[in-house]
Each structure stands twice: as C-alpha cells, then as structure tokens.
$ cat my_file-v2.pdb   # PDB, C-alpha atoms
ATOM      1  CA  MET M 290     202.450 102.942 -15.918  1.00  0.00           C
ATOM      2  CA  ALA M 291     206.008 102.928 -14.716  1.00  0.00           C
ATOM      3  CA  ASN M 292     208.194  99.957 -15.445  1.00  0.00           C
ATOM      4  CA  VAL M 293     209.587  98.185 -12.369  1.00  0.00           C
ATOM      5  CA  ALA M 294     213.111  98.340 -13.784  1.00  0.00           C
ATOM      6  CA  ASP M 295     212.761 102.123 -14.165  1.00  0.00           C
ATOM      7  CA  LEU M 296     211.512 102.435 -10.602  1.00  0.00           C
ATOM      8  CA  LYS M 297     214.470 100.466  -9.236  1.00  0.00           C
ATOM      9  CA  THR M 298     216.908 102.971 -10.726  1.00  0.00           C
ATOM     10  CA  LYS M 299     215.256 105.918  -8.955  1.00  0.00           C
ATOM     11  CA  THR M 300     216.429 107.227  -5.608  1.00  0.00           C
ATOM     12  CA  ASP M 301     214.298 107.141  -2.461  1.00  0.00           C
ATOM     13  CA  ASP M 302     213.450 110.837  -2.816  1.00  0.00           C
ATOM     14  CA  GLU M 303     212.362 110.382  -6.427  1.00  0.00           C
ATOM     15  CA  LEU M 304     210.176 107.440  -5.417  1.00  0.00           C
ATOM     16  CA  SER M 305     208.543 109.507  -2.676  1.00  0.00           C
ATOM     17  CA  THR M 306     207.837 112.323  -5.115  1.00  0.00           C
ATOM     18  CA  GLU M 307     206.401 109.892  -7.656  1.00  0.00           C
ATOM     19  CA  LEU M 308     204.242 108.307  -4.944  1.00  0.00           C
ATOM     20  CA  ASN M 309     202.855 111.691  -3.911  1.00  0.00           C
ATOM     21  CA  ASN M 310     202.051 112.550  -7.524  1.00  0.00           C
ATOM     22  CA  LEU M 311     200.289 109.229  -8.058  1.00  0.00           C
ATOM     23  CA  LYS M 312     198.254 109.596  -4.865  1.00  0.00           C
ATOM     24  CA  ARG M 313     197.169 113.061  -5.980  1.00  0.00           C
ATOM     25  CA  GLU M 314     196.177 111.664  -9.373  1.00  0.00           C
ATOM     26  CA  GLN M 315     194.290 108.824  -7.703  1.00  0.00           C
ATOM     27  CA  PHE M 316     192.380 111.352  -5.613  1.00  0.00           C
ATOM     28  CA  ASN M 317     191.401 113.298  -8.745  1.00  0.00           C
ATOM     29  CA  LEU M 318     190.407 110.125 -10.585  1.00  0.00           C
ATOM     30  CA  ARG M 319     188.114 109.136  -7.703  1.00  0.00           C
ATOM     31  CA  PHE M 320     186.320 112.461  -7.966  1.00  0.00           C
ATOM     32  CA  GLN M 321     186.012 112.104 -11.725  1.00  0.00           C
ATOM     33  CA  ALA M 322     184.582 108.614 -11.286  1.00  0.00           C
ATOM     34  CA  ALA M 323     182.070 109.840  -8.704  1.00  0.00           C
ATOM     35  CA  THR M 324     180.824 112.560 -11.039  1.00  0.00           C
ATOM     36  CA  ASN M 325     180.837 110.296 -14.130  1.00  0.00           C
ATOM     37  CA  GLN M 326     183.485 112.409 -15.867  1.00  0.00           C
ATOM     38  CA  LEU M 327     186.109 109.699 -16.055  1.00  0.00           C
ATOM     39  CA  GLU M 328     187.500 109.524 -19.598  1.00  0.00           C
ATOM     40  CA  LYS M 329     189.798 106.542 -19.152  1.00  0.00           C
ATOM     41  CA  PRO M 330     188.596 104.075 -16.498  1.00  0.00           C
ATOM     42  CA  SER M 331     191.648 101.872 -16.991  1.00  0.00           C
ATOM     43  CA  ARG M 332     193.848 104.681 -15.646  1.00  0.00           C
ATOM     44  CA  VAL M 333     192.471 104.056 -12.132  1.00  0.00           C
ATOM     45  CA  ARG M 334     193.861 100.538 -12.212  1.00  0.00           C
ATOM     46  CA  GLU M 335     197.211 101.664 -13.637  1.00  0.00           C
ATOM     47  CA  VAL M 336     197.653 104.288 -10.923  1.00  0.00           C
ATOM     48  CA  ARG M 337     196.699 101.865  -8.167  1.00  0.00           C
ATOM     49  CA  ARG M 338     199.209  99.293  -9.430  1.00  0.00           C
ATOM     50  CA  SER M 339     201.960 101.885  -9.753  1.00  0.00           C
ATOM     51  CA  ILE M 340     201.370 102.985  -6.165  1.00  0.00           C
ATOM     52  CA  ALA M 341     201.597  99.358  -5.033  1.00  0.00           C
ATOM     53  CA  GLN M 342     204.836  98.822  -6.969  1.00  0.00           C
ATOM     54  CA  ILE M 343     206.453 101.888  -5.421  1.00  0.00           C
ATOM     55  CA  LYS M 344     205.360 100.935  -1.908  1.00  0.00           C
ATOM     56  CA  THR M 345     206.674  97.406  -2.409  1.00  0.00           C
ATOM     57  CA  LEU M 346     210.012  98.704  -3.626  1.00  0.00           C
ATOM     58  CA  GLN M 347     210.264 101.115  -0.689  1.00  0.00           C
ATOM     59  CA  SER M 348     209.546  98.361   1.816  1.00  0.00           C
ATOM     60  CA  GLU M 349     212.120  96.069   0.173  1.00  0.00           C
ATOM     61  CA  ARG M 350     214.723  98.808   0.414  1.00  0.00           C
ATOM     62  CA  SER M 351     213.926  99.544   4.051  1.00  0.00           C
ATOM     63  CA  ARG M 352     214.127  95.829   4.928  1.00  0.00           C
ATOM     64  CA  SER M 353     217.463  95.431   3.200  1.00  0.00           C
ATOM     65  CA  ALA M 354     218.810  98.570   4.900  1.00  0.00           C
ATOM     66  CA  ALA M 355     217.752  97.227   8.305  1.00  0.00           C
ATOM     67  CA  LYS M 356     219.835  94.072   7.865  1.00  0.00           C
TER      68      LYS M 356
END

$ encode --input "my_file-v2.pdb" --output "structure tokens"
Amino acid sequence: MANVADLKTKTDDELSTELNNLKREQFNLRFQAATNQLEKPSRVREVRRSIAQIKTLQSERSRSAAK
C-alpha cells in the first residue's frame, strides 16, 4: 500500500498511471475471489484503500487549482 506522503510527491500523470494500475489489479483480484483462487484476501482491501487515497488526492488538487 502506498504511503500518502509518497503519493503527494507524485505528479498528476503518475497518479493517473498508478490509479489505472490499481484498478486493473482490483479487477483481477475480483476474478480471483470469484473463482476461490485468491491467495491474499487482505490485498483487496489494500488496493481499494489505495484507490480511494489517490482519488481523494486528485480531487483535493483539482479543488485547489480551481481557486
């Protein structure tokens, strides 16, 4: 799971790339869970939280840029 301080140092493009990678991983984890092949169930939670952190950071940046 990415640290919030590490995420804040990344550029908008890097955050978008990271978000796409995490969404792809989340998609694969859902399939693994559906077929009972999930090795690490806690990873689903970590990925979901990382996605939420990135989206929150992106919205904060867009709000501050709009001011």

$ closest_atom_pairs --input "my_file-v2.pdb" --of "segment 324-354 of chain M" --to "segment 299-306 of chain M" --cutoff "12 Å" --atoms "only C-alpha atoms" --output "tab-separated table"
residue	atom	partner	partner_atom	distance
M:Ser339	CA	M:Leu304	CA	10.8
M:Ile340	CA	M:Leu304	CA	9.9
M:Ala341	CA	M:Leu304	CA	11.8
M:Gln342	CA	M:Leu304	CA	10.3
M:Ile343	CA	M:Leu304	CA	6.7
M:Lys344	CA	M:Leu304	CA	8.8
M:Thr345	CA	M:Leu304	CA	11.0
M:Leu346	CA	M:Leu304	CA	8.9
M:Gln347	CA	M:Asp301	CA	7.5
M:Ser348	CA	M:Asp301	CA	10.9
M:Glu349	CA	M:Asp301	CA	11.6
M:Arg350	CA	M:Asp301	CA	8.8
M:Ser351	CA	M:Asp301	CA	10.0

$ closest_residue --input "my_file-v2.pdb" --among "M:Lys297, M:Arg352, M:Arg319, M:Arg313" --to "Arg334 of chain M" --atoms "only C-alpha atoms"
M:Arg319

$ atom_distance --input "my_file-v2.pdb" --atom1 "atom CA of Phe320 of chain M" --atom2 "atom CA of Arg337 of chain M"
14.8 Å

$ atom_distance --input "my_file-v2.pdb" --atom1 "atom CA of Glu314 of chain M" --atom2 "atom CA of Val336 of chain M"
7.7 Å

$ decode --input "my_file-v2.pdb" --residues "segment 318-355 of chain M" --atoms "N, CA and C atoms" --output "tab-separated table (two decimals), in the first residue's frame"
chain	number	residue	atom	x	y	z
M	318	LEU	N	-8.23	-9.16	-8.98
M	318	LEU	CA	-8.50	-9.71	-7.65
M	318	LEU	C	-9.96	-10.13	-7.50
M	319	ARG	N	-10.87	-9.37	-8.13
M	319	ARG	CA	-12.29	-9.76	-8.08
M	319	ARG	C	-12.52	-11.10	-8.76
M	320	PHE	N	-11.85	-11.30	-9.90
M	320	PHE	CA	-11.99	-12.58	-10.58
M	320	PHE	C	-11.39	-13.71	-9.76
M	321	GLN	N	-10.25	-13.46	-9.15
M	321	GLN	CA	-9.64	-14.49	-8.30
M	321	GLN	C	-10.55	-14.82	-7.12
M	322	ALA	N	-11.18	-13.82	-6.55
M	322	ALA	CA	-12.08	-14.06	-5.42
M	322	ALA	C	-13.30	-14.85	-5.86
M	323	ALA	N	-13.80	-14.57	-7.06
M	323	ALA	CA	-14.99	-15.27	-7.55
M	323	ALA	C	-14.70	-16.74	-7.83
M	324	THR	N	-13.47	-17.04	-8.20
M	324	THR	CA	-13.11	-18.42	-8.52
M	324	THR	C	-12.37	-19.10	-7.37
M	325	ASN	N	-12.38	-18.49	-6.21
M	325	ASN	CA	-11.73	-19.02	-5.00
M	325	ASN	C	-10.25	-19.30	-5.20
M	326	GLN	N	-9.57	-18.44	-5.95
M	326	GLN	CA	-8.13	-18.58	-6.16
M	326	GLN	C	-7.35	-17.44	-5.50
M	327	LEU	N	-8.00	-16.72	-4.65
M	327	LEU	CA	-7.38	-15.56	-4.02
M	327	LEU	C	-6.40	-16.02	-2.95
M	328	GLU	N	-5.12	-15.67	-3.12
M	328	GLU	CA	-4.09	-16.09	-2.18
M	328	GLU	C	-4.04	-15.19	-0.96
M	329	LYS	N	-4.24	-13.89	-1.19
M	329	LYS	CA	-4.09	-12.91	-0.11
M	329	LYS	C	-5.33	-12.03	-0.06
M	330	PRO	N	-6.34	-12.42	0.69
M	330	PRO	CA	-7.59	-11.64	0.73
M	330	PRO	C	-7.40	-10.21	1.23
M	331	SER	N	-6.40	-9.97	2.03
M	331	SER	CA	-6.18	-8.62	2.55
M	331	SER	C	-5.73	-7.65	1.45
M	332	ARG	N	-5.24	-8.17	0.35
M	332	ARG	CA	-4.79	-7.32	-0.75
M	332	ARG	C	-5.96	-6.56	-1.37
M	333	VAL	N	-7.15	-7.15	-1.35
M	333	VAL	CA	-8.34	-6.48	-1.91
M	333	VAL	C	-8.58	-5.18	-1.15
M	334	ARG	N	-8.49	-5.25	0.15
M	334	ARG	CA	-8.70	-4.07	0.98
M	334	ARG	C	-7.62	-3.02	0.76
M	335	GLU	N	-6.36	-3.46	0.65
M	335	GLU	CA	-5.26	-2.54	0.43
M	335	GLU	C	-5.42	-1.79	-0.89
M	336	VAL	N	-5.79	-2.52	-1.93
M	336	VAL	CA	-5.96	-1.91	-3.25
M	336	VAL	C	-7.11	-0.91	-3.23
M	337	ARG	N	-8.21	-1.30	-2.59
M	337	ARG	CA	-9.37	-0.40	-2.52
M	337	ARG	C	-9.02	0.89	-1.78
M	338	ARG	N	-8.27	0.77	-0.70
M	338	ARG	CA	-7.88	1.96	0.06
M	338	ARG	C	-6.90	2.84	-0.71
M	339	SER	N	-6.00	2.21	-1.44
M	339	SER	CA	-5.05	2.98	-2.25
M	339	SER	C	-5.76	3.76	-3.34
M	340	ILE	N	-6.75	3.13	-3.96
M	340	ILE	CA	-7.55	3.81	-4.98
M	340	ILE	C	-8.25	5.01	-4.36
M	341	ALA	N	-8.81	4.83	-3.19
M	341	ALA	CA	-9.52	5.93	-2.51
M	341	ALA	C	-8.56	7.06	-2.16
M	342	GLN	N	-7.35	6.73	-1.73
M	342	GLN	CA	-6.38	7.76	-1.38
M	342	GLN	C	-5.98	8.57	-2.61
M	343	ILE	N	-5.77	7.89	-3.72
M	343	ILE	CA	-5.39	8.59	-4.95
M	343	ILE	C	-6.52	9.48	-5.43
M	344	LYS	N	-7.74	8.97	-5.41
M	344	LYS	CA	-8.88	9.78	-5.85
M	344	LYS	C	-9.07	11.00	-4.95
M	345	THR	N	-8.88	10.83	-3.66
M	345	THR	CA	-9.00	11.94	-2.73
M	345	THR	C	-7.94	12.99	-3.02
M	346	LEU	N	-6.73	12.56	-3.23
M	346	LEU	CA	-5.64	13.49	-3.53
M	346	LEU	C	-5.89	14.22	-4.84
M	347	GLN	N	-6.40	13.52	-5.84
M	347	GLN	CA	-6.70	14.16	-7.13
M	347	GLN	C	-7.81	15.21	-6.97
M	348	SER	N	-8.82	14.89	-6.19
M	348	SER	CA	-9.91	15.86	-6.02
M	348	SER	C	-9.43	17.07	-5.21
M	349	GLU	N	-8.56	16.87	-4.23
M	349	GLU	CA	-8.01	17.99	-3.48
M	349	GLU	C	-7.21	18.91	-4.38
M	350	ARG	N	-6.43	18.30	-5.28
M	350	ARG	CA	-5.61	19.10	-6.19
M	350	ARG	C	-6.49	19.86	-7.17
M	351	SER	N	-7.54	19.24	-7.67
M	351	SER	CA	-8.40	19.93	-8.62
M	351	SER	C	-9.17	21.06	-7.94
M	352	ARG	N	-9.56	20.88	-6.68
M	352	ARG	CA	-10.24	21.94	-5.94
M	352	ARG	C	-9.32	23.11	-5.67
M	353	SER	N	-8.07	22.81	-5.32
M	353	SER	CA	-7.14	23.89	-5.04
M	353	SER	C	-6.73	24.62	-6.32
M	354	ALA	N	-6.72	23.93	-7.45
M	354	ALA	CA	-6.39	24.56	-8.72
M	354	ALA	C	-7.54	25.44	-9.21
M	355	ALA	N	-8.77	25.11	-8.82
M	355	ALA	CA	-9.93	25.88	-9.24
M	355	ALA	C	-10.03	27.20	-8.48
